[in-house]
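structure18.csv, holding CSV, C-alpha atoms:
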chain,number,residue,atom,x,y,z
A,1,MET,CA,0.0,0.0,0.0
A,2,ASP,CA,1.4,3.4,-1.0
A,3,ILE,CA,1.3,6.4,1.3
A,4,GLY,CA,1.0,9.9,-0.1
A,5,LEU,CA,1.2,13.3,1.6
A,6,VAL,CA,-1.3,16.1,0.7
A,7,LEU,CA,-0.4,19.7,1.6
A,8,GLN,CA,-1.7,23.2,0.6
A,9,THR,CA,0.6,25.5,-1.3
A,10,ASP,CA,0.7,28.2,1.4
A,11,PRO,CA,3.8,30.4,1.4
A,12,PRO,CA,6.6,29.9,2.1
A,13,ALA,CA,6.9,27.3,-0.7
A,14,ARG,CA,10.3,26.4,0.8
A,15,LEU,CA,8.6,24.8,3.8
A,16,LEU,CA,6.3,22.7,1.6
A,17,ILE,CA,9.3,21.5,-0.5
A,18,ASP,CA,11.2,20.6,2.7
A,19,ARG,CA,8.2,18.6,4.0
A,20,MET,CA,7.9,16.7,0.7
A,21,LYS,CA,11.6,15.8,1.0
A,22,ARG,CA,11.0,14.7,4.6
A,23,ALA,CA,8.1,12.6,3.4
A,24,GLU,CA,10.1,10.9,0.7
A,25,ALA,CA,12.9,10.1,3.2
A,26,ALA,CA,10.1,8.6,5.4
A,27,GLY,CA,8.9,6.3,2.7
A,28,PHE,CA,6.0,8.2,1.2
A,29,THR,CA,5.6,7.6,-2.5
A,30,HIS,CA,3.4,10.5,-3.6
A,31,GLY,CA,3.4,14.3,-2.9
A,32,TRP,CA,0.0,16.0,-3.6
A,33,THR,CA,-1.2,19.5,-3.2
A,34,PHE,CA,-4.4,21.4,-3.5
A,35,ASP,CA,-4.9,23.4,-6.7
A,36,SER,CA,-6.9,26.6,-6.2
A,37,ALA,CA,-5.0,29.6,-7.6
A,38,VAL,CA,-6.8,32.3,-5.6
A,39,LEU,CA,-6.5,30.6,-2.2
A,40,TRP,CA,-3.0,29.2,-2.5
A,41,GLN,CA,0.2,29.6,-4.6
A,42,GLU,CA,0.5,28.1,-8.1
A,43,PRO,CA,1.3,24.4,-7.5
A,44,PHE,CA,3.0,23.6,-10.9
A,45,VAL,CA,5.8,26.0,-10.2
A,46,ILE,CA,6.4,24.3,-6.8
A,47,TYR,CA,6.2,20.8,-8.3
A,48,SER,CA,9.3,21.5,-10.4
A,49,ARG,CA,11.3,22.3,-7.2
A,50,ILE,CA,9.9,19.2,-5.4
A,51,LEU,CA,10.9,17.0,-8.3
A,52,ALA,CA,14.3,18.6,-8.6
A,53,GLU,CA,15.0,18.0,-4.9
A,54,THR,CA,13.6,14.4,-4.6
A,55,GLU,CA,14.5,11.2,-6.4
A,56,ARG,CA,11.4,9.0,-6.4
A,57,LEU,CA,8.4,11.0,-5.3
A,58,THR,CA,5.5,11.3,-7.7
A,59,VAL,CA,3.7,14.6,-7.6
A,60,GLY,CA,0.4,16.0,-8.7
A,61,PRO,CA,-2.7,18.0,-7.7
A,62,MET,CA,-5.5,16.7,-5.5
A,63,VAL,CA,-7.3,18.0,-7.5
A,64,THR,CA,-7.1,20.2,-10.6
A,65,ASN,CA,-10.1,20.9,-12.8
A,66,PRO,CA,-11.0,21.4,-16.5
A,67,SER,CA,-11.6,25.1,-16.3
A,68,THR,CA,-8.9,27.0,-14.4
A,69,ARG,CA,-6.4,26.4,-17.3
A,70,THR,CA,-7.1,25.4,-20.9
A,71,TRP,CA,-6.6,21.7,-21.5
A,72,GLU,CA,-3.5,22.1,-23.7
A,73,VAL,CA,-1.9,24.2,-21.0
A,74,THR,CA,-2.6,21.6,-18.3
A,75,ALA,CA,-1.2,18.9,-20.6
A,76,SER,CA,1.9,20.9,-21.4
A,77,LEU,CA,2.6,21.5,-17.7
A,78,PHE,CA,2.5,17.8,-16.9
A,79,ALA,CA,4.4,16.9,-20.1
A,80,THR,CA,7.1,19.4,-19.3
A,81,LEU,CA,7.6,18.1,-15.8
A,82,ASN,CA,7.8,14.5,-17.1
A,83,ASP,CA,10.3,15.5,-19.8
A,84,MET,CA,12.5,17.2,-17.2
A,85,TYR,CA,12.2,14.6,-14.4
A,86,GLY,CA,10.9,11.4,-15.9
A,87,ASN,CA,7.3,10.2,-15.6
A,88,ARG,CA,6.9,11.3,-12.0
A,89,THR,CA,3.5,13.1,-12.2
A,90,VAL,CA,-0.1,12.1,-11.8
A,91,CYS,CA,-3.1,14.3,-12.8
A,92,GLY,CA,-5.7,14.2,-10.1
A,93,ILE,CA,-8.8,16.0,-11.5
A,94,GLY,CA,-12.3,16.8,-10.6
A,95,ARG,CA,-15.2,19.2,-11.4
A,96,GLY,CA,-13.6,22.0,-9.4
A,97,ASP,CA,-14.9,23.1,-6.0
A,98,SER,CA,-12.8,25.7,-4.3
A,99,ALA,CA,-10.9,26.8,-7.4
A,100,MET,CA,-14.1,27.6,-9.3
A,101,ARG,CA,-16.5,28.8,-6.5
A,102,VAL,CA,-14.0,31.2,-4.9
A,103,ALA,CA,-13.7,32.8,-8.3
A,104,GLY,CA,-17.4,33.1,-8.7
A,105,ARG,CA,-17.7,30.4,-11.2
A,106,SER,CA,-19.5,27.0,-11.2
A,107,PRO,CA,-17.8,23.6,-11.2
A,108,ALA,CA,-17.6,21.9,-14.6
A,109,THR,CA,-20.1,19.4,-15.9
A,110,LEU,CA,-19.2,15.8,-15.9
A,111,ALA,CA,-19.4,15.9,-19.7
A,112,ARG,CA,-16.7,18.6,-19.8
A,113,LEU,CA,-14.7,16.8,-17.2
A,114,GLY,CA,-14.7,13.6,-19.3
A,115,ALA,CA,-13.7,15.4,-22.4
A,116,ALA,CA,-10.9,17.2,-20.5
A,117,MET,CA,-9.5,14.0,-19.1
A,118,HIS,CA,-9.3,12.5,-22.6
A,119,ALA,CA,-7.7,15.6,-24.1
A,120,ILE,CA,-5.1,16.1,-21.4
A,121,LYS,CA,-4.0,12.5,-21.4
A,122,GLU,CA,-3.8,12.3,-25.2
A,123,LEU,CA,-1.7,15.5,-25.4
A,124,ALA,CA,0.6,14.8,-22.5
A,125,GLU,CA,1.4,11.3,-23.9
A,126,GLY,CA,2.2,12.7,-27.3
A,127,ARG,CA,-0.9,11.9,-29.3
A,128,THR,CA,-3.1,14.2,-31.4
A,129,VAL,CA,-6.6,15.2,-30.1
A,130,GLU,CA,-9.2,17.8,-31.0
A,131,VAL,CA,-9.8,20.6,-28.5
A,132,ASP,CA,-12.6,23.1,-29.0
A,133,GLY,CA,-12.7,22.1,-32.7
A,134,THR,CA,-9.0,22.5,-33.3
A,135,GLU,CA,-6.7,19.5,-33.8
A,136,MET,CA,-3.7,19.7,-31.4
A,137,HIS,CA,-0.5,17.9,-30.8
A,138,LEU,CA,2.5,18.6,-28.6
A,139,PRO,CA,5.4,17.8,-31.1
A,140,TRP,CA,8.1,17.9,-28.4
A,141,VAL,CA,6.6,15.1,-26.3
A,142,ARG,CA,9.0,12.1,-26.5
A,143,PRO,CA,8.0,8.5,-26.9
A,144,GLY,CA,7.3,6.8,-23.6
A,145,ALA,CA,5.6,9.8,-21.9
A,146,GLU,CA,2.9,8.7,-19.5
A,147,LEU,CA,0.3,10.7,-17.5
A,148,PRO,CA,-2.1,8.7,-15.3
A,149,ILE,CA,-5.4,10.5,-14.8
A,150,TRP,CA,-7.1,9.9,-11.4
A,151,MET,CA,-10.5,11.3,-10.9
A,152,GLY,CA,-12.1,12.5,-7.7
A,153,ALA,CA,-15.8,11.5,-7.3
A,154,TYR,CA,-18.6,10.9,-4.9
A,155,GLY,CA,-21.9,10.7,-6.7
A,156,PRO,CA,-23.2,7.8,-8.9
A,157,LYS,CA,-22.7,9.6,-12.3
A,158,ALA,CA,-19.2,10.7,-11.3
A,159,LEU,CA,-18.3,7.3,-10.0
A,160,ALA,CA,-19.5,5.8,-13.3
A,161,LEU,CA,-17.4,8.2,-15.3
A,162,THR,CA,-14.4,7.3,-13.2
A,163,GLY,CA,-14.8,3.6,-13.9
A,164,ARG,CA,-15.4,4.1,-17.6
A,165,GLN,CA,-12.4,6.4,-18.2
A,166,ALA,CA,-10.0,7.3,-15.4
A,167,ASP,CA,-6.8,5.5,-14.6
A,168,GLY,CA,-7.4,6.0,-10.9
A,169,PHE,CA,-10.1,6.9,-8.4
A,170,ILE,CA,-9.6,9.5,-5.6
A,171,LEU,CA,-12.0,9.2,-2.7
A,172,GLN,CA,-11.7,12.0,-0.2
A,173,LEU,CA,-12.8,10.2,3.0
A,174,ALA,CA,-11.7,7.1,4.8
A,175,ASP,CA,-14.9,5.6,6.0
A,176,PRO,CA,-14.8,1.8,5.3
A,177,PHE,CA,-18.5,1.4,4.6
A,178,LEU,CA,-18.5,4.3,2.1
A,179,THR,CA,-15.2,3.2,0.6
A,180,GLU,CA,-16.5,-0.2,-0.1
A,181,TRP,CA,-19.7,1.1,-1.7
A,182,MET,CA,-17.9,3.6,-3.9
A,183,VAL,CA,-15.1,1.2,-4.9
A,184,LYS,CA,-17.6,-1.3,-6.0
A,185,ALA,CA,-19.4,1.3,-8.1
A,186,VAL,CA,-16.2,2.3,-9.8
A,187,ARG,CA,-15.2,-1.3,-10.5
A,188,GLN,CA,-18.6,-2.2,-11.8
A,189,ALA,CA,-18.6,0.8,-14.2
A,190,ALA,CA,-15.1,-0.2,-15.4
A,191,ALA,CA,-16.3,-3.8,-16.0
A,192,ASP,CA,-19.4,-2.5,-17.8
A,193,ALA,CA,-17.2,-0.5,-20.1
A,194,GLY,CA,-15.1,-3.5,-21.0
A,195,ARG,CA,-12.1,-2.4,-18.9
A,196,ASP,CA,-10.2,-4.5,-16.3
A,197,PRO,CA,-11.7,-3.3,-13.0
A,198,SER,CA,-8.5,-4.1,-11.1
A,199,ALA,CA,-6.5,-1.8,-13.4
A,200,VAL,CA,-8.2,1.3,-11.8
A,201,THR,CA,-5.9,2.5,-9.0
A,202,ILE,CA,-7.9,3.3,-5.8
A,203,CYS,CA,-6.6,6.2,-3.7
A,204,VAL,CA,-8.3,7.2,-0.4
A,205,ALA,CA,-7.4,10.6,0.9
A,206,ALA,CA,-8.2,11.9,4.4
A,207,PRO,CA,-6.6,13.6,7.4
A,208,ALA,CA,-4.4,11.4,9.6
A,209,TYR,CA,-3.4,12.6,13.1
A,210,VAL,CA,-1.1,10.3,15.0
A,211,THR,CA,-1.5,10.6,18.8
A,212,ALA,CA,0.8,9.4,21.5
A,213,ASP,CA,-2.0,7.4,23.1
A,214,ASP,CA,-5.7,6.9,23.0
A,215,SER,CA,-6.6,9.0,26.0
A,216,PRO,CA,-9.7,11.2,25.7
A,217,GLN,CA,-7.7,14.3,25.8
A,218,ALA,CA,-5.4,13.2,22.9
A,219,LEU,CA,-8.3,12.1,20.7
A,220,ALA,CA,-10.3,15.2,21.4
A,221,HIS,CA,-7.5,17.4,20.3
A,222,ALA,CA,-6.9,15.3,17.1
A,223,ARG,CA,-10.6,15.6,16.3
A,224,GLU,CA,-10.6,19.3,16.6
A,225,GLN,CA,-7.6,19.5,14.3
A,226,CYS,CA,-9.4,17.3,11.6
A,227,ARG,CA,-13.0,18.5,11.9
A,228,TRP,CA,-12.5,20.8,8.9
A,229,PHE,CA,-12.4,17.8,6.7
A,230,GLY,CA,-16.1,16.9,7.4
A,231,GLY,CA,-17.0,20.4,6.3
A,232,MET,CA,-15.0,20.1,3.0
A,233,VAL,CA,-16.6,16.8,2.2
A,234,GLY,CA,-19.9,18.3,3.2
A,235,ASN,CA,-19.7,20.7,0.2
A,236,HIS,CA,-19.7,17.8,-2.2
A,237,VAL,CA,-22.4,16.0,-0.3
A,238,ALA,CA,-24.6,19.1,-0.4
A,239,ASP,CA,-24.2,19.1,-4.2
A,240,LEU,CA,-25.3,15.5,-4.3
A,241,VAL,CA,-28.4,16.2,-2.1
A,242,SER,CA,-29.4,19.1,-4.4
A,243,ARG,CA,-29.0,17.0,-7.4
A,244,TYR,CA,-30.5,13.7,-6.3
A,245,GLY,CA,-32.6,14.6,-3.3
A,246,GLU,CA,-32.0,13.8,0.4
A,247,HIS,CA,-33.5,10.3,0.3
A,248,SER,CA,-33.1,9.3,-3.3
A,249,GLY,CA,-31.4,6.0,-2.7
A,250,MET,CA,-28.7,7.1,-5.2
A,251,VAL,CA,-26.3,8.1,-2.4
A,252,PRO,CA,-25.9,6.3,0.9
A,253,GLU,CA,-27.7,7.8,3.9
A,254,GLU,CA,-24.4,7.4,5.8
A,255,LEU,CA,-22.9,10.1,3.6
A,256,THR,CA,-25.8,12.5,3.5
A,257,ALA,CA,-27.3,12.5,7.0
A,258,TYR,CA,-24.6,14.5,8.8
A,259,ILE,CA,-25.0,17.7,6.7
A,260,LYS,CA,-28.5,18.5,8.1
A,261,GLU,CA,-27.0,21.2,10.3
A,262,ARG,CA,-24.7,22.7,7.7
A,263,HIS,CA,-25.3,26.4,7.2
A,264,GLY,CA,-23.1,27.9,4.4
A,265,TYR,CA,-19.4,27.7,3.8
A,266,ASP,CA,-16.7,30.4,3.7
A,267,TYR,CA,-13.8,29.3,1.4
A,268,SER,CA,-11.4,31.6,3.1
A,269,HIS,CA,-11.2,28.8,5.8
A,270,HIS,CA,-11.2,26.0,3.3
A,271,GLY,CA,-9.1,23.0,4.4
A,272,ARG,CA,-7.9,24.6,7.6
A,273,ALA,CA,-8.0,23.5,11.2
A,274,GLY,CA,-10.3,25.6,13.3
A,275,ASN,CA,-12.7,26.3,10.3
A,276,PRO,CA,-15.7,28.0,12.0
A,277,ASP,CA,-18.1,26.6,9.3
A,278,THR,CA,-17.5,23.0,10.3
A,279,THR,CA,-18.9,23.0,13.9
A,280,PHE,CA,-21.8,21.0,12.6
A,281,VAL,CA,-19.5,18.0,12.0
A,282,PRO,CA,-20.0,15.5,14.8
A,283,ASP,CA,-17.2,13.5,16.4
A,284,GLU,CA,-18.5,10.3,14.9
A,285,VAL,CA,-18.1,11.6,11.4
A,286,VAL,CA,-14.5,12.8,12.2
A,287,ASP,CA,-13.7,9.4,13.5
A,288,ARG,CA,-15.2,7.6,10.5
A,289,PHE,CA,-13.8,9.9,7.8
A,290,CYS,CA,-10.3,10.4,9.2
A,291,LEU,CA,-7.5,8.3,10.8
A,292,ILE,CA,-7.1,9.4,14.4
A,293,GLY,CA,-5.2,7.7,17.2
A,294,PRO,CA,-1.9,6.0,18.0
A,295,PRO,CA,0.0,4.1,15.4
A,296,GLU,CA,-1.7,0.8,16.1
A,297,ALA,CA,-5.1,2.4,15.4
A,298,GLN,CA,-3.8,3.9,12.2
A,299,ARG,CA,-2.4,0.5,11.1
A,300,ALA,CA,-5.7,-1.3,11.8
A,301,LYS,CA,-7.7,1.2,9.7
A,302,LEU,CA,-5.2,1.1,6.9
A,303,ALA,CA,-5.4,-2.7,6.9
A,304,GLU,CA,-9.2,-2.5,6.6
A,305,LEU,CA,-9.0,-0.1,3.7
A,306,ARG,CA,-6.4,-2.2,2.0
A,307,GLY,CA,-8.8,-5.2,2.3
A,308,LEU,CA,-11.4,-3.1,0.4
A,309,GLY,CA,-9.0,-2.7,-2.5
A,310,VAL,CA,-7.4,0.7,-1.6
A,311,ASP,CA,-3.9,1.0,-3.3
A,312,GLN,CA,-2.9,4.3,-1.7
A,313,PHE,CA,-3.8,6.3,1.4
A,314,ALA,CA,-3.0,10.0,1.0
A,315,VAL,CA,-2.5,11.8,4.3
A,316,TYR,CA,-4.1,15.2,4.5
A,317,ALA,CA,-1.8,17.1,6.8
A,318,MET,CA,-3.6,20.4,7.4
A,319,HIS,CA,-3.2,20.5,11.2
A,320,ASP,CA,-0.7,21.3,13.9
A,321,ALA,CA,1.4,18.1,13.7
A,322,VAL,CA,2.5,17.9,10.0
A,323,GLU,CA,6.1,16.9,10.6
A,324,THR,CA,5.4,14.6,13.6
A,325,THR,CA,2.7,12.8,11.5
A,326,ILE,CA,5.2,12.4,8.6
A,327,ASP,CA,7.8,11.0,11.0
A,328,ALA,CA,5.3,8.7,12.8
A,329,TYR,CA,4.2,7.2,9.5
A,330,GLY,CA,7.8,6.8,8.5
A,331,GLU,CA,8.8,5.1,11.8
A,332,HIS,CA,5.7,3.2,12.9
A,333,ILE,CA,3.4,2.7,9.9
A,334,ILE,CA,5.0,2.5,6.5
A,335,PRO,CA,7.5,-0.2,7.4
A,336,THR,CA,4.6,-2.5,8.5
A,337,LEU,CA,2.5,-2.1,5.3
A,338,PRO,CA,2.3,-5.0,2.9

Can you give me the file's structure in the form of structure tokens?
Amino acid sequence: MDIGLVLQTDPPARLLIDRMKRAEAAGFTHGWTFDSAVLWQEPFVIYSRILAETERLTVGPMVTNPSTRTWEVTASLFATLNDMYGNRTVCGIGRGDSAMRVAGRSPATLARLGAAMHAIKELAEGRTVEVDGTEMHLPWVRPGAELPIWMGAYGPKALALTGRQADGFILQLADPFLTEWMVKAVRQAAADAGRDPSAVTICVAAPAYVTADDSPQALAHAREQCRWFGGMVGNHVADLVSRYGEHSGMVPEELTAYIKERHGYDYSHHGRAGNPDTTFVPDEVVDRFCLIGPPEAQRAKLAELRGLGVDQFAVYAMHDAVETTIDAYGEHIIPTLP
């Protein structure tokens, strides 16, 4: 099971680069960042420095979107990094939540997302594709270029698109029940499309907070540091409820029930500990969606996720223990993973 690290591109970029180097030394395989140009610094500039100062780490956004940049620009960014450093990037992509809404725009449709995934992959791997009615090709892309496309999804139509088209599935929560439900949906969609379901890489991403023990005080502090995540996931759940209805049967009740007390969301606090818009998130949801507790508790939940077909767990480290979490995973968790 691979372990990734997810950070925001807050200044100074030097700190993020150093933390990614620390993660590689600890055994992490992937370095991810948010991609929201208004809220944080431009990630692709920083990826170049991370790749230059590491040897094996694969980097990419969790997640980019089809609208912030034109598709040929996104493809060229990835292809340039791969040409400079080898095939060490992965394109995590979704409809666009914070990147679009904070700029007063709406997330992309699934149809646009599907077309973008196809175009970006074709261009970045050196093939010709039509974009907005114009045939395009990046003539400098060398043979052997590869760009895996991993799609973030929650709802039934998005899960189906992931299974039909994407190389990987990014699920931003670590609840075993919901993970099993969504992985099955993606695998079934892949099979229905004539693809090998096992060829779709499964990545679960969620906060992990390693505590010294399982005392009530330690766990309470960890929950407060990770409660923001339930609010972030709640944005996507609210979209699903508005699209399918609260009790449609299209989305598990276990996912939709907890947002009943949600009242708005301010993206200036997005993905940050202490977010005042996430007080509605109960402790139970924090425990289900995140990995909280001492190393043995982390290992047990990772083993459960691995049994459900998860290939990578990506650690969201937006809390007050970034480096101690990296070190704890490197010392106590990664060496024990199969």

Query - Atomic separation - atom CA of A:Leu159 relative to atom CA of A:Ala190, Å - result: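 Taking atom CA of A:Ala190 and atom CA of A:Leu159, their separation equals 9.8 Å.
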
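Between atom CA of A:Ser215 and atom CA of A:His332 there is a distance of 18.9 Å.
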
Requested in this report: May I ask which of the residues A:Glu72, A:Ile93, A:Gly31, A:Thr162 is the closest one to A:Glu122, counting all atoms listed in the file?
Outcome: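 For A:Glu122, the nearest of the given residues is A:Glu72.
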
Query - Neighbours of point (-13.6, 7.8, 5.2) within 10 Å, using all atoms listed in the file, written as number ranges by chain - result: A: 171-179, 204-207, 230, 233, 255, 285-291, 301, 305

C-alpha atoms of the current selection, written as an mmCIF file, keeping the file's coordinate frame:
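In the end it all went to part_15.cif:
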data_model
loop_
_atom_site.group_PDB
_atom_site.id
_atom_site.type_symbol
_atom_site.label_atom_id
_atom_site.label_comp_id
_atom_site.auth_asym_id
_atom_site.auth_seq_id
_atom_site.Cartn_x
_atom_site.Cartn_y
_atom_site.Cartn_z
ATOM 1 C CA LEU A 171 -12.000 9.200 -2.700
ATOM 2 C CA GLN A 172 -11.700 12.000 -0.200
ATOM 3 C CA LEU A 173 -12.800 10.200 3.000
ATOM 4 C CA ALA A 174 -11.700 7.100 4.800
ATOM 5 C CA ASP A 175 -14.900 5.600 6.000
ATOM 6 C CA PRO A 176 -14.800 1.800 5.300
ATOM 7 C CA PHE A 177 -18.500 1.400 4.600
ATOM 8 C CA LEU A 178 -18.500 4.300 2.100
ATOM 9 C CA THR A 179 -15.200 3.200 0.600
ATOM 10 C CA VAL A 204 -8.300 7.200 -0.400
ATOM 11 C CA ALA A 205 -7.400 10.600 0.900
ATOM 12 C CA ALA A 206 -8.200 11.900 4.400
ATOM 13 C CA PRO A 207 -6.600 13.600 7.400
ATOM 14 C CA GLY A 230 -16.100 16.900 7.400
ATOM 15 C CA VAL A 233 -16.600 16.800 2.200
ATOM 16 C CA LEU A 255 -22.900 10.100 3.600
ATOM 17 C CA VAL A 285 -18.100 11.600 11.400
ATOM 18 C CA VAL A 286 -14.500 12.800 12.200
ATOM 19 C CA ASP A 287 -13.700 9.400 13.500
ATOM 20 C CA ARG A 288 -15.200 7.600 10.500
ATOM 21 C CA PHE A 289 -13.800 9.900 7.800
ATOM 22 C CA CYS A 290 -10.300 10.400 9.200
ATOM 23 C CA LEU A 291 -7.500 8.300 10.800
ATOM 24 C CA LYS A 301 -7.700 1.200 9.700
ATOM 25 C CA LEU A 305 -9.000 -0.100 3.700
#

Query - Among listed residues A:Met136, A:Val38, A:Ala99, A:Ala257, nearest A:Trp71 (using only C-alpha atoms) - result: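 Distance minimum relative to A:Trp71 lands on A:Met136.
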
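Shortest separation to A:Arg101 among A:Thr54, A:Thr9, A:Thr256, A:Thr68 occurs at residue A:Thr68, atoms counted being all atoms listed in the file.
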
**Report entry** Using only C-alpha atoms: which of A:Leu57, A:Leu161, A:Ile3, A:Ala103 has the shortest distance to A:Ser36
**Finding:** A:Ala103

**Report entry** Who sits within 8 Å of A:Ala328, only C-alpha atoms, same chain under 5 positions skipped, as a list in words
**Finding:**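 Answer for this query is Val210, Pro295 and Ile333 of chain A.
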
Query raised in the report: In terms of the shortest atom-to-atom distance over only C-alpha atoms, which of A:His270, A:Trp181, A:Thr211, A:Arg127 is closest to A:Thr324?
Result: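 Using only C-alpha atoms, the shortest distance to A:Thr324 belongs to A:Thr211.
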
Report task. Work out how far apart atom CA of A:Gln8 and atom CA of A:Cys203 are and give it in Å to one decimal. Result ->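 Atom-to-atom, atom CA of A:Gln8 and atom CA of A:Cys203 are spaced 18.2 Å apart.
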
Query - Nearest to A:Phe313 by atom-to-atom distance, counting all atoms listed in the file, from A:Val6, A:Ala79, A:Val281, A:Val183 - result: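 Residue with the minimum atom-to-atom distance to A:Phe313: A:Val6.
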
**Report entry** Spatial sel., origin (-1.5, 17.5, -10.2), limit 7 Å, all atoms listed in the file, listed as a list in words
**Finding:** Trp32, Val59, Gly60, Pro61, Met62, Val63, Thr64, Thr89, Val90, Cys91 and Gly92 of chain A

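For stretch 115-120 of chain A, the list of residues within 8 Å, based on only C-alpha atoms and with local chain neighbours fewer than 3 positions off taken out, reads Pro66, Trp71, Glu72, Thr74, Ala75, Ile93, Ala111, Arg112, Leu123, Ala124, Val129, Glu130, Val131, Ile149 and Ala166 of chain A.
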